[in-house]
>>> print(open('structure_29.json').read())   # JSON, C-alpha atoms and all ligand atoms
[["chain", "number", "residue", "atom", "x", "y", "z"],
["A", 30, "MET", "CA", 90.11, -8.79, 102.68],
["A", 31, "ASP", "CA", 92.07, -10.60, 105.37],
["A", 32, "MET", "CA", 90.96, -12.95, 108.11],
["A", 33, "LEU", "CA", 90.81, -10.27, 110.80],
["A", 34, "GLY", "CA", 88.81, -7.94, 108.56],
["A", 35, "LEU", "CA", 86.31, -10.66, 107.73],
["A", 36, "ARG", "CA", 85.95, -11.77, 111.34],
["A", 37, "THR", "CA", 85.38, -8.16, 112.44],
["A", 38, "MET", "CA", 82.80, -7.64, 109.71],
["A", 39, "PHE", "CA", 80.90, -10.78, 110.74],
["A", 40, "GLU", "CA", 81.12, -9.90, 114.42],
["A", 41, "LYS", "CA", 79.47, -6.58, 113.58],
["A", 42, "PHE", "CA", 76.83, -8.45, 111.57],
["A", 43, "CYS", "CA", 76.02, -10.51, 114.69],
["A", 44, "GLU", "CA", 75.69, -7.52, 117.00],
["A", 45, "ASN", "CA", 72.16, -7.12, 118.37],
["A", 46, "ASN", "CA", 71.09, -10.31, 116.65],
["A", 47, "ASP", "CA", 70.00, -13.65, 118.03],
["A", 48, "PHE", "CA", 73.01, -15.38, 116.50],
["A", 49, "GLN", "CA", 76.77, -15.20, 116.95],
["A", 50, "LEU", "CA", 79.96, -16.54, 115.42],
["A", 51, "ASN", "CA", 80.64, -20.09, 116.50],
["A", 52, "PRO", "CA", 82.65, -19.87, 119.74],
["A", 53, "ASP", "CA", 84.80, -22.76, 118.47],
["A", 54, "LYS", "CA", 87.57, -20.51, 117.21],
["A", 55, "GLU", "CA", 89.37, -23.20, 115.22],
["A", 56, "HIS", "CA", 86.24, -24.14, 113.35],
["A", 57, "THR", "CA", 85.35, -20.52, 112.69],
["A", 58, "ALA", "CA", 88.86, -19.82, 111.41],
["A", 59, "ALA", "CA", 88.66, -22.78, 109.02],
["A", 60, "VAL", "CA", 85.34, -21.59, 107.56],
["A", 61, "LEU", "CA", 86.54, -17.99, 107.26],
["A", 62, "LYS", "CA", 89.63, -19.26, 105.47],
["A", 63, "GLY", "CA", 87.37, -21.09, 103.01],
["A", 64, "VAL", "CA", 85.35, -17.93, 102.35],
["A", 65, "LEU", "CA", 88.56, -15.97, 101.70],
["A", 66, "LYS", "CA", 89.87, -18.68, 99.39],
["A", 67, "ASN", "CA", 86.67, -18.48, 97.35],
["A", 68, "GLU", "CA", 86.99, -14.71, 97.22],
["A", 69, "GLU", "CA", 90.53, -15.08, 95.94],
["A", 70, "LYS", "CA", 89.37, -17.51, 93.24],
["A", 71, "THR", "CA", 86.13, -15.85, 92.14],
["A", 72, "GLY", "CA", 86.16, -12.32, 93.53],
["A", 73, "LEU", "CA", 83.11, -13.15, 95.64],
["A", 74, "LYS", "CA", 82.70, -14.47, 99.16],
["A", 75, "PHE", "CA", 81.07, -17.78, 98.33],
["A", 76, "CYS", "CA", 80.11, -20.26, 101.01],
["A", 77, "PRO", "CA", 82.91, -22.78, 101.49],
["A", 78, "CYS", "CA", 80.63, -25.74, 102.19],
["A", 79, "GLN", "CA", 78.18, -25.42, 99.31],
["A", 80, "VAL", "CA", 78.87, -26.20, 95.68],
["A", 81, "GLN", "CA", 78.22, -23.38, 93.26],
["A", 82, "THR", "CA", 75.79, -24.35, 90.52],
["A", 83, "GLY", "CA", 77.07, -22.08, 87.75],
["A", 84, "ASP", "CA", 73.63, -20.42, 87.65],
["A", 85, "PHE", "CA", 74.41, -16.86, 88.68],
["A", 86, "SER", "CA", 71.09, -16.06, 90.33],
["A", 87, "LYS", "CA", 71.11, -19.31, 92.33],
["A", 88, "ASP", "CA", 74.72, -18.83, 93.29],
["A", 89, "MET", "CA", 73.97, -15.38, 94.65],
["A", 90, "GLY", "CA", 72.19, -17.23, 97.46],
["A", 91, "LEU", "CA", 75.53, -18.82, 98.36],
["A", 92, "LEU", "CA", 77.31, -15.59, 99.19],
["A", 93, "CYS", "CA", 78.41, -15.40, 102.80],
["A", 94, "PRO", "CA", 76.54, -14.52, 104.90],
["A", 95, "CYS", "CA", 73.66, -16.33, 103.20],
["A", 96, "ASN", "CA", 70.06, -16.25, 104.34],
["A", 97, "PHE", "CA", 70.88, -18.97, 106.86],
["A", 98, "LYS", "CA", 67.92, -18.41, 109.17],
["A", 99, "ALA", "CA", 65.67, -19.70, 106.39],
["A", 100, "GLN", "CA", 67.58, -22.99, 106.17],
["A", 101, "LYS", "CA", 66.32, -26.27, 107.58],
["A", 102, "THR", "CA", 69.75, -26.80, 109.13],
["A", 103, "TRP", "CA", 69.26, -23.62, 111.14],
["A", 104, "GLN", "CA", 65.83, -24.68, 112.32],
["A", 105, "LYS", "CA", 67.06, -28.16, 113.28],
["A", 106, "LYS", "CA", 70.55, -27.53, 114.59],
["A", 107, "GLY", "CA", 70.66, -23.80, 115.30],
["A", 108, "GLU", "CA", 73.60, -23.24, 113.01],
["A", 109, "CYS", "CA", 74.27, -22.36, 109.38],
["A", 110, "TRP", "CA", 75.33, -25.06, 106.89],
["A", 111, "CYS", "CA", 79.00, -24.51, 107.75],
["A", 112, "GLY", "CA", 78.53, -23.94, 111.46],
["A", 113, "LEU", "CA", 79.98, -20.45, 111.11],
["A", 114, "PHE", "CA", 76.96, -18.76, 112.67],
["A", 115, "VAL", "CA", 75.17, -20.34, 115.62],
["A", 116, "LYS", "CA", 72.21, -19.34, 117.75],
["A", 117, "ARG", "CA", 73.31, -16.94, 120.43],
["A", 118, "GLN", "CA", 74.03, -18.68, 123.69],
["A", 119, "HIS", "CA", 72.69, -17.13, 126.81],
["A", 120, "GLN", "CA", 75.18, -14.99, 128.62],
["A", 121, "LYS", "CA", 75.94, -15.96, 132.20],
["B", 201, "LIG", "S1", 76.20, -21.41, 105.39],
["B", 201, "LIG", "FE1", 77.31, -20.13, 106.83],
["B", 201, "LIG", "S2", 79.34, -20.02, 105.98],
["B", 201, "LIG", "FE2", 78.01, -20.70, 104.34],
["B", 201, "LIG", "S3", 77.36, -18.83, 103.32],
["B", 201, "LIG", "FE3", 75.86, -19.28, 104.84],
["B", 201, "LIG", "S4", 76.47, -18.09, 106.57],
["B", 201, "LIG", "FE4", 78.24, -18.25, 105.26]]
>>> encode(input="structure_29.json", output="structure tokens")
Amino acid sequence: MDMLGLRTMFEKFCENNDFQLNPDKEHTAAVLKGVLKNEEKTGLKFCPCQVQTGDFSKDMGLLCPCNFKAQKTWQKKGECWCGLFVKRQHQK
């Protein structure tokens, strides 16, 4: 998958949800690049800011998008560990 494909897929994932891709395009691009690099290395879209444990069932929780709304980081900061997804900002 390429960067555009991944971004499009995640934009779809955000549709009709209370979260969106981080509007900071540079940051988002850097995280997406990390996901793609992991996919190249492992065949799976692992989170670029979490270390895989080697335990397959635990590591399945680190596939992007993870269950980020259950994370403390989400509850505190309104974004996923990597800041790829953020709470949807109100439209003007
Ligand atoms: S923390 Fe964000 S970037 Fe990492 S896997 Fe979860 S959703 Fe993807």
>>> residues_near_ligand(input="structure_29.json", ligand="ligand LIG 201 (chain B)", cutoff="8 Å", atoms="all atoms listed in the file", output="MDAnalysis selection string")
chainID A and resid 60:61 64 75:79 90:97 108:114
>>> closest_residue(input="structure_29.json", among="A:Lys98, A:Met30, A:Asn67, A:Leu73", to="Phe85 of chain A", atoms="only C-alpha atoms")
A:Leu73
>>> residues_near_point(input="structure_29.json", point="(73.5, -20.0, 118.5)", cutoff="8 Å", atoms="all atoms listed in the file", output="number ranges by chain")
A: 47-51, 107-108, 114-118
>>> write_last_selection(input="structure_29.json", atoms="C-alpha atoms", output="JSON list (two decimals), in the frame of the given file")
[["chain", "number", "residue", "atom", "x", "y", "z"],
["A", 47, "ASP", "CA", 70.00, -13.65, 118.03],
["A", 48, "PHE", "CA", 73.01, -15.38, 116.50],
["A", 49, "GLN", "CA", 76.77, -15.20, 116.95],
["A", 50, "LEU", "CA", 79.96, -16.54, 115.42],
["A", 51, "ASN", "CA", 80.64, -20.09, 116.50],
["A", 107, "GLY", "CA", 70.66, -23.80, 115.30],
["A", 108, "GLU", "CA", 73.60, -23.24, 113.01],
["A", 114, "PHE", "CA", 76.96, -18.76, 112.67],
["A", 115, "VAL", "CA", 75.17, -20.34, 115.62],
["A", 116, "LYS", "CA", 72.21, -19.34, 117.75],
["A", 117, "ARG", "CA", 73.31, -16.94, 120.43],
["A", 118, "GLN", "CA", 74.03, -18.68, 123.69]]
>>> closest_residue(input="structure_29.json", among="A:Lys105, A:Phe42, A:Asp31, A:Asp84", to="Glu69 of chain A", atoms="all atoms listed in the file")
A:Asp31
>>> axis_aligned_box(input="structure_29.json", around="segment 106-117 of chain A", padding_each_side="8 Å", output="JSON")
{"center_x": 75.3, "center_y": -22.2, "center_z": 113.7, "size_x": 25.4, "size_y": 26.6, "size_z": 29.5}
>>> atom_distance(input="structure_29.json", atom1="atom CA of Lys70 of chain A", atom2="atom CA of Arg36 of chain A")
19.3 Å
>>> atom_distance(input="structure_29.json", atom1="atom CA of Lys62 of chain A", atom2="atom CA of His119 of chain A")
27.3 Å
>>> atom_distance(input="structure_29.json", atom1="atom CA of Glu55 of chain A", atom2="atom CA of Ala99 of chain A")
25.5 Å
>>> closest_residue(input="structure_29.json", among="A:Thr57, A:Gln104, A:Asn46, A:Thr71", to="Met32 of chain A", atoms="all atoms listed in the file")
A:Thr57
